[in-house]
$ cat structure09.tsv   # TSV, C-alpha atoms (C1' of nucleotides)
chain	number	residue	atom	x	y	z
A	1	MET	CA	0.00	0.00	0.00
A	2	ALA	CA	2.88	2.29	0.60
A	3	ALA	CA	4.66	1.63	-2.64
A	4	ALA	CA	3.53	4.87	-4.23
A	5	VAL	CA	5.65	7.04	-1.99
A	6	MET	CA	8.95	5.22	-2.17
A	7	LYS	CA	12.24	6.93	-2.67
A	8	MET	CA	12.13	7.32	-6.42
A	9	ASN	CA	11.61	10.06	-8.89
A	10	ILE	CA	8.29	11.70	-8.41
A	11	GLU	CA	6.91	11.41	-11.89
A	12	PRO	CA	3.41	12.69	-12.42
A	13	GLU	CA	2.26	9.83	-14.63
A	14	LEU	CA	3.71	7.06	-12.55
A	15	GLU	CA	2.21	7.92	-9.23
A	16	THR	CA	-1.08	6.27	-8.76
A	17	ARG	CA	-3.03	6.10	-5.59
A	18	ASN	CA	-6.60	5.20	-4.87
A	19	GLY	CA	-6.90	4.00	-8.43
A	20	ALA	CA	-7.08	7.38	-10.18
A	21	ALA	CA	-4.08	9.35	-11.28
A	22	VAL	CA	-2.95	11.68	-8.56
A	23	LEU	CA	-2.73	14.71	-10.77
A	24	GLU	CA	-6.29	14.35	-11.83
A	25	ALA	CA	-7.38	14.11	-8.26
A	26	CYS	CA	-5.69	17.41	-7.62
A	27	GLN	CA	-7.79	19.19	-10.17
A	28	THR	CA	-10.54	20.62	-8.10
A	29	THR	CA	-13.68	18.88	-9.10
A	30	ASP	CA	-15.82	20.54	-6.48
A	31	PRO	CA	-15.29	24.25	-5.91
A	32	ASP	CA	-16.61	24.11	-2.36
A	33	VAL	CA	-14.25	21.36	-1.38
A	34	ALA	CA	-11.44	23.25	-3.02
A	35	ALA	CA	-12.19	26.37	-1.04
A	36	LEU	CA	-12.27	24.47	2.22
A	37	ALA	CA	-9.09	22.65	1.33
A	38	ASN	CA	-7.56	26.03	0.66
A	39	GLU	CA	-8.48	27.04	4.14
A	40	VAL	CA	-6.98	23.93	5.65
A	41	ILE	CA	-3.81	24.37	3.64
A	42	GLY	CA	-3.60	27.92	4.82
A	43	ARG	CA	-3.58	26.74	8.37
A	44	ILE	CA	-1.19	23.82	8.25
A	45	ALA	CA	1.16	24.96	5.51
A	46	ASP	CA	3.62	27.01	7.40
A	47	LYS	CA	7.28	26.39	7.90
A	48	TRP	CA	7.23	25.47	11.56
A	49	THR	CA	4.22	23.19	11.41
A	50	MET	CA	5.83	21.15	8.67
A	51	ILE	CA	9.20	20.92	10.38
A	52	ILE	CA	7.70	20.03	13.75
A	53	LEU	CA	5.53	17.45	12.09
A	54	GLU	CA	8.55	15.91	10.43
A	55	THR	CA	10.60	15.99	13.63
A	56	LEU	CA	7.88	14.31	15.64
A	57	ASN	CA	7.42	11.84	12.85
A	58	GLU	CA	11.03	10.80	13.20
A	59	HIS	CA	11.33	10.74	16.96
A	60	LYS	CA	7.82	9.64	17.84
A	61	THR	CA	7.78	11.31	21.26
A	62	LEU	CA	9.64	14.38	22.42
A	63	ARG	CA	9.67	16.80	25.30
A	64	PHE	CA	9.39	20.51	24.77
A	65	THR	CA	13.04	21.52	24.87
A	66	GLN	CA	14.21	18.40	23.04
A	67	LEU	CA	11.82	19.25	20.26
A	68	GLY	CA	13.03	22.85	20.25
A	69	HIS	CA	16.64	21.76	19.85
A	70	LEU	CA	15.89	19.27	17.11
A	71	VAL	CA	13.82	21.76	15.17
A	72	GLY	CA	16.50	24.38	15.52
A	73	GLY	CA	16.17	28.11	15.11
A	74	ILE	CA	12.71	28.30	16.60
A	75	SER	CA	11.86	30.54	19.52
A	76	GLN	CA	10.15	29.08	22.53
A	77	LYS	CA	7.18	31.24	21.91
A	78	MET	CA	6.79	30.06	18.33
A	79	LEU	CA	7.26	26.48	19.43
A	80	THR	CA	4.58	26.83	22.07
A	81	GLN	CA	2.27	28.62	19.69
A	82	THR	CA	2.70	26.16	16.85
A	83	LEU	CA	2.30	23.16	19.13
A	84	ARG	CA	-0.89	24.62	20.57
A	85	GLN	CA	-2.26	25.17	17.11
A	86	MET	CA	-1.35	21.65	16.06
A	87	GLU	CA	-2.93	20.28	19.21
A	88	ARG	CA	-6.05	22.25	18.46
A	89	ASP	CA	-6.16	20.84	14.97
A	90	GLY	CA	-5.82	17.35	16.36
A	91	LEU	CA	-2.36	16.74	14.95
A	92	VAL	CA	-0.40	16.27	18.16
A	93	THR	CA	-1.13	14.97	21.63
A	94	ARG	CA	0.17	16.81	24.65
A	95	LEU	CA	0.79	14.48	27.55
A	96	VAL	CA	1.41	16.39	30.76
A	97	TYR	CA	3.01	14.65	33.72
A	98	PRO	CA	2.05	16.44	36.93
A	99	VAL	CA	5.57	16.37	38.29
A	100	VAL	CA	8.12	18.94	39.25
A	101	PRO	CA	9.98	20.05	37.26
A	102	PRO	CA	7.19	19.88	34.69
A	103	LYS	CA	7.32	17.24	32.03
A	104	VAL	CA	5.32	17.39	28.85
A	105	GLU	CA	5.58	14.89	26.05
A	106	TYR	CA	4.48	15.62	22.52
A	107	SER	CA	3.68	13.05	19.90
A	108	LEU	CA	1.68	12.82	16.73
A	109	THR	CA	-1.89	11.70	16.69
A	110	GLU	CA	-3.11	9.29	14.05
A	111	LEU	CA	-4.28	12.28	12.04
A	112	GLY	CA	-0.86	13.87	12.41
A	113	VAL	CA	0.82	10.72	11.17
A	114	THR	CA	-1.34	10.65	8.05
A	115	LEU	CA	-0.48	14.27	7.39
A	116	GLY	CA	3.17	13.43	7.86
A	117	ALA	CA	2.79	10.70	5.27
A	118	ALA	CA	1.17	13.18	2.89
A	119	PHE	CA	4.01	15.63	3.39
A	120	CYS	CA	6.47	12.87	2.78
A	121	GLY	CA	6.32	13.45	-0.95
A	122	VAL	CA	7.17	17.08	-0.49
A	123	TRP	CA	10.19	16.25	1.65
A	124	LEU	CA	11.46	13.83	-0.91
A	125	TRP	CA	10.94	16.43	-3.58
A	126	ALA	CA	12.88	18.95	-1.51
A	127	GLU	CA	15.78	16.58	-1.04
A	128	GLU	CA	15.89	15.67	-4.68
A	129	ASN	CA	15.46	19.11	-6.16
A	130	LEU	CA	17.66	21.01	-3.76
A	131	ALA	CA	20.35	21.51	-6.35
A	132	LYS	CA	17.92	22.60	-9.03
A	133	ILE	CA	16.51	25.31	-6.82
A	134	GLU	CA	19.96	26.49	-5.92
A	135	ALA	CA	20.91	26.58	-9.59
A	136	ALA	CA	17.73	28.40	-10.56
A	137	ARG	CA	18.35	30.97	-7.88
A	138	LEU	CA	21.92	31.61	-8.96
A	139	LYS	CA	20.81	31.94	-12.54
A	140	PHE	CA	18.05	34.34	-11.55
A	141	ASP	CA	20.30	36.47	-9.40
A	142	GLY	CA	22.99	36.52	-12.05
A	143	ARG	CA	20.55	37.49	-14.74
A	144	ALA	CA	19.16	40.29	-12.62
A	145	LYS	CA	22.49	42.07	-12.59
A	146	LEU	CA	22.91	42.15	-16.35
B	1	MET	CA	24.86	27.91	27.89
B	2	ALA	CA	26.32	26.10	24.93
B	3	ALA	CA	27.83	23.45	27.14
B	4	ALA	CA	24.45	22.02	27.86
B	5	VAL	CA	24.16	20.73	24.32
B	6	MET	CA	27.13	18.43	24.67
B	7	LYS	CA	25.28	15.51	26.09
B	8	MET	CA	22.38	15.44	23.69
B	9	ASN	CA	22.21	11.83	22.72
B	10	ILE	CA	18.56	11.14	22.74
B	11	GLU	CA	17.98	8.97	19.74
B	12	PRO	CA	15.23	6.43	20.02
B	13	GLU	CA	15.81	3.44	17.82
B	14	LEU	CA	14.34	3.68	14.35
B	15	GLU	CA	11.93	0.86	14.22
B	16	THR	CA	10.62	-0.79	11.14
B	17	ARG	CA	7.01	-1.40	11.83
B	18	ASN	CA	4.75	-2.89	9.28
B	19	GLY	CA	2.02	-0.31	9.63
B	20	ALA	CA	4.23	2.72	9.20
B	21	ALA	CA	6.15	1.58	6.19
B	22	VAL	CA	5.37	4.77	4.28
B	23	LEU	CA	7.12	6.91	6.79
B	24	GLU	CA	10.40	5.13	6.39
B	25	ALA	CA	11.15	6.96	3.20
B	26	CYS	CA	10.83	10.19	5.10
B	27	GLN	CA	13.38	9.30	7.75
B	28	THR	CA	16.31	11.49	6.94
B	29	THR	CA	19.32	9.31	6.42
B	30	ASP	CA	21.78	12.14	5.91
B	31	PRO	CA	21.70	14.99	8.43
B	32	ASP	CA	23.19	17.45	5.95
B	33	VAL	CA	20.56	16.69	3.38
B	34	ALA	CA	17.94	16.98	6.07
B	35	ALA	CA	19.16	20.41	7.07
B	36	LEU	CA	19.14	21.63	3.49
B	37	ALA	CA	15.74	20.11	2.91
B	38	ASN	CA	14.60	21.99	6.00
B	39	GLU	CA	15.80	25.15	4.39
B	40	VAL	CA	14.02	24.43	1.14
B	41	ILE	CA	10.85	23.56	2.99
B	42	GLY	CA	11.14	26.80	4.90
B	43	ARG	CA	11.13	28.67	1.62
B	44	ILE	CA	8.44	26.92	-0.33
B	45	ALA	CA	6.12	25.90	2.48
B	46	ASP	CA	3.98	28.93	2.88
B	47	LYS	CA	0.32	29.29	2.28
B	48	TRP	CA	0.45	31.44	-0.83
B	49	THR	CA	3.15	29.47	-2.61
B	50	MET	CA	1.15	26.30	-2.24
B	51	ILE	CA	-2.11	27.85	-3.36
B	52	ILE	CA	-0.54	29.63	-6.32
B	53	LEU	CA	1.20	26.43	-7.29
B	54	GLU	CA	-2.07	24.57	-7.20
B	55	THR	CA	-3.91	27.27	-9.14
B	56	LEU	CA	-1.30	27.37	-11.87
B	57	ASN	CA	-1.30	23.60	-11.93
B	58	GLU	CA	-4.97	23.68	-12.76
B	59	HIS	CA	-5.06	26.51	-15.26
B	60	LYS	CA	-1.63	26.04	-16.81
B	61	THR	CA	-1.22	29.69	-17.82
B	62	LEU	CA	-2.61	32.77	-16.16
B	63	ARG	CA	-2.17	36.52	-16.18
B	64	PHE	CA	-1.51	38.49	-13.04
B	65	THR	CA	-5.01	39.64	-12.20
B	66	GLN	CA	-6.63	36.38	-13.26
B	67	LEU	CA	-4.32	34.54	-10.92
B	68	GLY	CA	-5.09	37.00	-8.15
B	69	HIS	CA	-8.82	36.44	-8.54
B	70	LEU	CA	-8.53	32.68	-8.65
B	71	VAL	CA	-6.30	32.54	-5.61
B	72	GLY	CA	-8.62	34.83	-3.72
B	73	GLY	CA	-7.86	36.90	-0.65
B	74	ILE	CA	-4.33	37.70	-1.67
B	75	SER	CA	-3.04	41.24	-1.91
B	76	GLN	CA	-1.32	42.42	-5.04
B	77	LYS	CA	1.83	42.92	-3.08
B	78	MET	CA	1.87	39.37	-1.78
B	79	LEU	CA	1.03	38.01	-5.20
B	80	THR	CA	3.89	39.90	-6.79
B	81	GLN	CA	6.27	38.96	-4.02
B	82	THR	CA	5.37	35.29	-4.01
B	83	LEU	CA	5.53	35.04	-7.79
B	84	ARG	CA	8.97	36.66	-7.78
B	85	GLN	CA	10.18	34.22	-5.22
B	86	MET	CA	8.77	31.29	-7.12
B	87	GLU	CA	10.34	32.57	-10.30
B	88	ARG	CA	13.65	32.89	-8.52
B	89	ASP	CA	13.38	29.32	-7.28
B	90	GLY	CA	12.68	28.14	-10.81
B	91	LEU	CA	9.09	27.13	-10.13
B	92	VAL	CA	7.29	29.49	-12.49
B	93	THR	CA	8.07	31.19	-15.77
B	94	ARG	CA	7.21	34.80	-16.27
B	95	LEU	CA	6.47	35.62	-19.88
B	96	VAL	CA	6.32	39.35	-20.48
B	97	TYR	CA	4.69	40.70	-23.63
B	98	PRO	CA	6.13	44.14	-24.41
B	99	VAL	CA	2.75	45.60	-25.20
B	100	VAL	CA	0.62	48.34	-23.78
B	101	PRO	CA	-1.21	47.75	-21.55
B	102	PRO	CA	1.34	45.32	-20.10
B	103	LYS	CA	0.67	41.63	-20.37
B	104	VAL	CA	2.45	39.04	-18.28
B	105	GLU	CA	1.71	35.35	-18.34
B	106	TYR	CA	2.65	32.99	-15.55
B	107	SER	CA	2.96	29.25	-15.83
B	108	LEU	CA	4.70	26.43	-14.03
B	109	THR	CA	8.12	25.21	-15.04
B	110	GLU	CA	8.84	21.51	-15.15
B	111	LEU	CA	10.24	21.80	-11.66
B	112	GLY	CA	7.08	23.55	-10.54
B	113	VAL	CA	4.94	20.78	-11.97
B	114	THR	CA	6.87	18.14	-10.06
B	115	LEU	CA	6.47	20.12	-6.86
B	116	GLY	CA	2.79	20.38	-7.59
B	117	ALA	CA	2.65	16.62	-7.91
B	118	ALA	CA	4.43	16.27	-4.58
B	119	PHE	CA	1.99	18.62	-2.90
B	120	CYS	CA	-0.86	16.71	-4.37
B	121	GLY	CA	-0.85	14.25	-1.51
B	122	VAL	CA	-1.22	17.08	0.94
B	123	TRP	CA	-4.18	18.50	-0.96
B	124	LEU	CA	-5.87	15.15	-0.96
B	125	TRP	CA	-5.19	14.84	2.74
B	126	ALA	CA	-6.68	18.27	3.32
B	127	GLU	CA	-9.81	17.41	1.39
B	128	GLU	CA	-10.21	14.11	3.16
B	129	ASN	CA	-9.48	15.24	6.68
B	130	LEU	CA	-11.26	18.55	6.63
B	131	ALA	CA	-14.01	17.32	8.89
B	132	LYS	CA	-11.63	15.72	11.37
B	133	ILE	CA	-9.75	18.97	11.83
B	134	GLU	CA	-12.97	20.85	12.33
B	135	ALA	CA	-14.10	18.29	14.88
B	136	ALA	CA	-10.78	18.34	16.70
B	137	ARG	CA	-10.90	22.10	16.88
B	138	LEU	CA	-14.40	22.17	18.27
B	139	LYS	CA	-13.47	19.58	20.83
B	140	PHE	CA	-10.37	21.52	21.82
B	141	ASP	CA	-12.20	24.82	22.12
B	142	GLY	CA	-14.99	23.22	24.08
B	143	ARG	CA	-12.58	21.54	26.44
B	144	ALA	CA	-10.72	24.78	27.02
B	145	LYS	CA	-13.74	26.36	28.61
B	146	LEU	CA	-14.20	23.68	31.25
C	1	DA	C1'	16.95	27.56	55.86
C	2	DA	C1'	18.51	29.96	51.86
C	3	DC	C1'	20.08	29.23	47.22
C	4	DT	C1'	20.39	27.22	42.74
C	5	DA	C1'	18.94	24.52	38.79
C	6	DT	C1'	15.37	22.63	36.00
C	7	DT	C1'	11.16	22.79	32.73
C	8	DA	C1'	7.46	24.45	30.23
C	9	DC	C1'	5.67	27.91	29.63
C	10	DT	C1'	3.73	33.34	29.84
C	11	DC	C1'	4.32	38.41	29.43
C	12	DA	C1'	6.04	42.76	27.68
C	13	DC	C1'	8.37	44.66	24.21
C	14	DT	C1'	10.84	45.20	19.46
C	15	DA	C1'	11.53	43.86	14.65
C	16	DA	C1'	9.66	42.00	10.63
C	17	DT	C1'	5.93	41.27	7.71
C	18	DC	C1'	1.27	41.91	5.79
C	19	DG	C1'	-2.80	44.04	3.46
C	20	DA	C1'	-5.46	47.95	1.40
C	21	DA	C1'	-5.11	51.78	-1.04
C	22	DA	C1'	-2.82	55.05	-3.70
C	23	DG	C1'	0.83	55.94	-7.04
C	24	DT	C1'	3.75	54.73	-11.53
C	25	DA	C1'	4.45	53.81	-16.43
C	26	DG	C1'	3.17	54.46	-21.18
C	27	DG	C1'	0.78	53.76	-25.30
C	28	DC	C1'	-4.16	54.82	-26.90
C	29	DA	C1'	-9.01	56.34	-27.53
C	30	DC	C1'	-11.22	60.48	-26.84
D	1	DG	C1'	-4.74	66.98	-22.39
D	2	DT	C1'	-7.68	63.48	-19.67
D	3	DG	C1'	-8.75	59.06	-18.61
D	4	DC	C1'	-8.04	54.01	-19.07
D	5	DC	C1'	-5.70	49.70	-18.90
D	6	DT	C1'	-2.33	46.34	-16.52
D	7	DA	C1'	1.26	44.95	-13.72
D	8	DC	C1'	3.47	46.31	-10.56
D	9	DT	C1'	5.65	49.62	-6.58
D	10	DT	C1'	5.21	52.41	-2.64
D	11	DT	C1'	3.33	54.01	1.63
D	12	DC	C1'	1.37	53.36	6.00
D	13	DG	C1'	-1.23	51.29	9.61
D	14	DA	C1'	-1.99	46.68	11.55
D	15	DT	C1'	-0.99	42.10	12.38
D	16	DT	C1'	2.48	38.81	13.40
D	17	DA	C1'	7.15	36.82	14.47
D	18	DG	C1'	10.68	36.82	17.59
D	19	DT	C1'	13.64	38.16	22.04
D	20	DG	C1'	14.51	38.40	26.84
D	21	DA	C1'	12.85	38.29	31.29
D	22	DG	C1'	9.89	36.28	34.56
D	23	DT	C1'	6.97	32.30	36.96
D	24	DA	C1'	5.75	28.03	39.65
D	25	DA	C1'	7.22	24.14	42.21
D	26	DT	C1'	10.69	21.31	44.19
D	27	DA	C1'	14.89	18.39	44.48
D	28	DG	C1'	19.55	18.97	45.43
D	29	DT	C1'	23.33	21.81	47.26
D	30	DT	C1'	25.37	24.93	50.70
$ encode --input "structure09.tsv" --output "C-alpha cells"
Amino acid sequence: MAAAVMKMNIEPELETRNGAAVLEACQTTDPDVAALANEVIGRIADKWTMIILETLNEHKTLRFTQLGHLVGGISQKMLTQTLRQMERDGLVTRLVYPVVPPKVEYSLTELGVTLGAAFCGVWLWAEENLAKIEAARLKFDGRAKL
Amino acid sequence: MAAAVMKMNIEPELETRNGAAVLEACQTTDPDVAALANEVIGRIADKWTMIILETLNEHKTLRFTQLGHLVGGISQKMLTQTLRQMERDGLVTRLVYPVVPPKVEYSLTELGVTLGAAFCGVWLWAEENLAKIEAARLKFDGRAKL
DNA sequence: AACTATTACTCACTAATCGAAAGTAGGCAC
DNA sequence: GTGCCTACTTTCGATTAGTGAGTAATAGTT
C-alpha cells in the first residue's frame, strides 16, 4: 500500500493512488471542497508546522526543549504557539506529567501521522530538487544584474 | 549555555514497523541533506506558494489579475512577491509581452509541476481530513472552557 | 533555611511582515 | 490633455514573528 511514496523520482504519470491518477485528483472537481481545502492548507502549511511534524514523525515522542533543539532556530514562543495550534487541529497529543519540574511529552496523533505521510512526498521532492533550486536561484540572481 | 548541548544523545531506535512503512522513506538518512531540505521547505512551504502552485497547476497559464482572482484573498503585493520568489526558485516562468497595456503570463516550469505533484498528496489529505480537523478544533475549544 | 537549577511555559516589548489603497508607467481612444 | 488599462511599486497602519525576562514548584546543594 505504501509503494507509491517510495524513494524514487516523483513522476506525475507514474504515481497512482486510490486508483485514479494523482494529478487528476488534484484538479478541483468541487469548488466548495477546493475552497475548504484552501483554508486547511492555509492553516497547516507554514514552515514550523511542517518541520515540527517531520521531527515528531522521526522521533515519535519528544519533550518541549528536546523538540526545540531538534527543530532548531525556533523561539520558545513560536514552538509553544505552533504546538498549541497543532494540538487544536488534532495533529499532536500533549501528555502532561504532573511532576516537578514539569514534564510534557508531545507526539503525533493518528491524524498527524497521516499528514506526515502526505508531506512525505514534499520532503522527498525537496531533497531531490535542492540543487535545481539552488541553480535556478543563482541563474536568476545573475541574470538580474545584467 | 552552549555546554548544555554536549550531552544530547537522545535517539530512540528507528523501528521498522509494518504499519508505518510509508514513513520510512521520510526518515532522513543524511543529516546534511535533512538540514538543506529543511531550508528548502522553509522557503516553499507557505500558504500562498502552495495555493498559487495549485492554481497554476490547474489553469496552466494565467495573467496576473486572473491569478489573483482565482487565488482569492491575496493582496497584489503578496502576489507579486510570491511570484517573484517562485520565479527565482525556478518554479514558475514569467512571460512578459512588451505591449501596452502590459501583459504578463505565468505558468509552471517543469520543476514547478513536479512540486505540484508532490503537494498533491497534501491536498488530498486536506480534502479528506477537513471534517476531522474541524471536529478536533471544536473539541479543543470546548474543552478549554471547562 | 537559603540558594540554585530545571522545565514548560507566559508576558512585555521590538523587529519584521502583511494588506489595502494610492501611485507609476506608457501607449491609446477620446 | 484626460482618462483608461495592466502589472506592478510604494506608503502606512496593523498584524504577526521573535527576544529576553519572569513564573511556579521542588529536588539537590550549601
$ residues_around --input "structure09.tsv" --residues "stretch 15-25 of chain C" --least-positions-apart "4" --cutoff "7 Å" --atoms "all atoms listed in the file" --output "PyMOL selection string"
(chain B and resi 75) or (chain D and resi 15+17)
$ closest_residue --input "structure09.tsv" --among "B:Glu54, B:Gln66, B:Leu111, B:Gly116" --to "A:Glu128" --atoms "only C-alpha atoms"
B:Leu111
$ atom_distance --input "structure09.tsv" --atom1 "atom CA of B:Val96" --atom2 "atom CA of B:Asp46"
25.7 Å
$ interface_residues --input "structure09.tsv" --of "chain C" --to "chain A" --cutoff "7 Å" --atoms "all atoms listed in the file" --output "VMD selection string"
chain C and resid 6 to 8
$ atom_distance --input "structure09.tsv" --atom1 "atom CA of A:Gly112" --atom2 "atom CA of A:Gly90"
7.2 Å
$ atom_distance --input "structure09.tsv" --atom1 "atom CA of A:Gly142" --atom2 "atom CA of B:Arg94"
16.4 Å
$ closest_residue --input "structure09.tsv" --among "A:Ile74, A:Ala136, A:Val122, A:Asn129" --to "B:Ala45" --atoms "all atoms listed in the file"
A:Val122
$ interface_residues --input "structure09.tsv" --of "chain A" --to "chain B" --cutoff "6 Å" --atoms "all atoms listed in the file" --output "PyMOL selection string"
chain A and resi 2+7+26-27+37+42+45-47+88-90+117-122+126-127+133+136-137+140
$ interface_residues --input "structure09.tsv" --of "chain D" --to "chain A" --cutoff "9 Å" --atoms "all atoms listed in the file" --output "number ranges by chain"
D: 17-19, 25-27
$ closest_residue --input "structure09.tsv" --among "C:DT14, C:DC3, C:DC9, C:DC28" --to "D:DT30" --atoms "only C-alpha atoms (C1' of nucleotides)"
C:DC3
$ build_atoms --input "structure09.tsv" --residues "stretch 110-140 of chain B" --atoms "N, CA and C atoms" --output "JSON list (two decimals), in the frame of the given file"
[["chain", "number", "residue", "atom", "x", "y", "z"],
["B", 110, "GLU", "N", 8.87, 22.95, -15.38],
["B", 110, "GLU", "CA", 8.84, 21.51, -15.15],
["B", 110, "GLU", "C", 9.04, 21.20, -13.68],
["B", 111, "LEU", "N", 9.97, 21.96, -13.09],
["B", 111, "LEU", "CA", 10.24, 21.80, -11.66],
["B", 111, "LEU", "C", 8.98, 22.11, -10.84],
["B", 112, "GLY", "N", 8.30, 23.17, -11.23],
["B", 112, "GLY", "CA", 7.08, 23.55, -10.54],
["B", 112, "GLY", "C", 6.02, 22.47, -10.63],
["B", 113, "VAL", "N", 5.94, 21.84, -11.79],
["B", 113, "VAL", "CA", 4.94, 20.78, -11.97],
["B", 113, "VAL", "C", 5.25, 19.60, -11.05],
["B", 114, "THR", "N", 6.52, 19.26, -10.94],
["B", 114, "THR", "CA", 6.87, 18.14, -10.06],
["B", 114, "THR", "C", 6.57, 18.47, -8.60],
["B", 115, "LEU", "N", 6.81, 19.72, -8.24],
["B", 115, "LEU", "CA", 6.47, 20.12, -6.86],
["B", 115, "LEU", "C", 4.97, 20.04, -6.65],
["B", 116, "GLY", "N", 4.24, 20.47, -7.67],
["B", 116, "GLY", "CA", 2.79, 20.38, -7.59],
["B", 116, "GLY", "C", 2.34, 18.95, -7.37],
["B", 117, "ALA", "N", 2.99, 18.03, -8.07],
["B", 117, "ALA", "CA", 2.65, 16.62, -7.91],
["B", 117, "ALA", "C", 2.94, 16.16, -6.49],
["B", 118, "ALA", "N", 4.06, 16.66, -5.94],
["B", 118, "ALA", "CA", 4.43, 16.27, -4.58],
["B", 118, "ALA", "C", 3.42, 16.80, -3.57],
["B", 119, "PHE", "N", 2.96, 18.02, -3.81],
["B", 119, "PHE", "CA", 1.99, 18.62, -2.90],
["B", 119, "PHE", "C", 0.63, 17.98, -3.02],
["B", 120, "CYS", "N", 0.44, 17.30, -4.10],
["B", 120, "CYS", "CA", -0.86, 16.71, -4.37],
["B", 120, "CYS", "C", -1.36, 15.88, -3.20],
["B", 121, "GLY", "N", -0.47, 15.08, -2.64],
["B", 121, "GLY", "CA", -0.85, 14.25, -1.51],
["B", 121, "GLY", "C", -1.39, 15.07, -0.35],
["B", 122, "VAL", "N", -0.78, 16.22, -0.16],
["B", 122, "VAL", "CA", -1.22, 17.08, 0.94],
["B", 122, "VAL", "C", -2.61, 17.63, 0.66],
["B", 123, "TRP", "N", -2.85, 17.98, -0.60],
["B", 123, "TRP", "CA", -4.18, 18.50, -0.96],
["B", 123, "TRP", "C", -5.24, 17.43, -0.74],
["B", 124, "LEU", "N", -4.91, 16.23, -1.16],
["B", 124, "LEU", "CA", -5.87, 15.15, -0.96],
["B", 124, "LEU", "C", -6.13, 14.95, 0.52],
["B", 125, "TRP", "N", -5.05, 14.98, 1.30],
["B", 125, "TRP", "CA", -5.19, 14.84, 2.74],
["B", 125, "TRP", "C", -6.11, 15.92, 3.29],
["B", 126, "ALA", "N", -5.88, 17.15, 2.83],
["B", 126, "ALA", "CA", -6.68, 18.27, 3.32],
["B", 126, "ALA", "C", -8.16, 18.07, 3.00],
["B", 127, "GLU", "N", -8.42, 17.62, 1.78],
["B", 127, "GLU", "CA", -9.81, 17.41, 1.39],
["B", 127, "GLU", "C", -10.46, 16.30, 2.19],
["B", 128, "GLU", "N", -9.66, 15.26, 2.44],
["B", 128, "GLU", "CA", -10.21, 14.11, 3.16],
["B", 128, "GLU", "C", -10.41, 14.38, 4.64],
["B", 129, "ASN", "N", -9.48, 15.12, 5.23],
["B", 129, "ASN", "CA", -9.48, 15.24, 6.68],
["B", 129, "ASN", "C", -10.01, 16.57, 7.21],
["B", 130, "LEU", "N", -10.61, 17.29, 6.29],
["B", 130, "LEU", "CA", -11.26, 18.55, 6.63],
["B", 130, "LEU", "C", -12.13, 18.43, 7.87],
["B", 131, "ALA", "N", -13.03, 17.48, 7.83],
["B", 131, "ALA", "CA", -14.01, 17.32, 8.89],
["B", 131, "ALA", "C", -13.33, 16.97, 10.21],
["B", 132, "LYS", "N", -12.32, 16.14, 10.14],
["B", 132, "LYS", "CA", -11.63, 15.72, 11.37],
["B", 132, "LYS", "C", -10.98, 16.91, 12.05],
["B", 133, "ILE", "N", -10.38, 17.79, 11.26],
["B", 133, "ILE", "CA", -9.75, 18.97, 11.83],
["B", 133, "ILE", "C", -10.80, 19.85, 12.50],
["B", 134, "GLU", "N", -11.89, 20.03, 11.78],
["B", 134, "GLU", "CA", -12.97, 20.85, 12.33],
["B", 134, "GLU", "C", -13.45, 20.26, 13.65],
["B", 135, "ALA", "N", -13.62, 18.97, 13.66],
["B", 135, "ALA", "CA", -14.10, 18.29, 14.88],
["B", 135, "ALA", "C", -13.09, 18.45, 16.01],
["B", 136, "ALA", "N", -11.83, 18.23, 15.68],
["B", 136, "ALA", "CA", -10.78, 18.34, 16.70],
["B", 136, "ALA", "C", -10.75, 19.74, 17.28],
["B", 137, "ARG", "N", -10.95, 20.72, 16.42],
["B", 137, "ARG", "CA", -10.90, 22.10, 16.88],
["B", 137, "ARG", "C", -12.06, 22.41, 17.81],
["B", 138, "LEU", "N", -13.23, 21.95, 17.43],
["B", 138, "LEU", "CA", -14.40, 22.17, 18.27],
["B", 138, "LEU", "C", -14.21, 21.52, 19.64],
["B", 139, "LYS", "N", -13.71, 20.31, 19.59],
["B", 139, "LYS", "CA", -13.47, 19.58, 20.83],
["B", 139, "LYS", "C", -12.48, 20.33, 21.72],
["B", 140, "PHE", "N", -11.41, 20.79, 21.09],
["B", 140, "PHE", "CA", -10.37, 21.52, 21.82],
["B", 140, "PHE", "C", -10.93, 22.80, 22.43]]
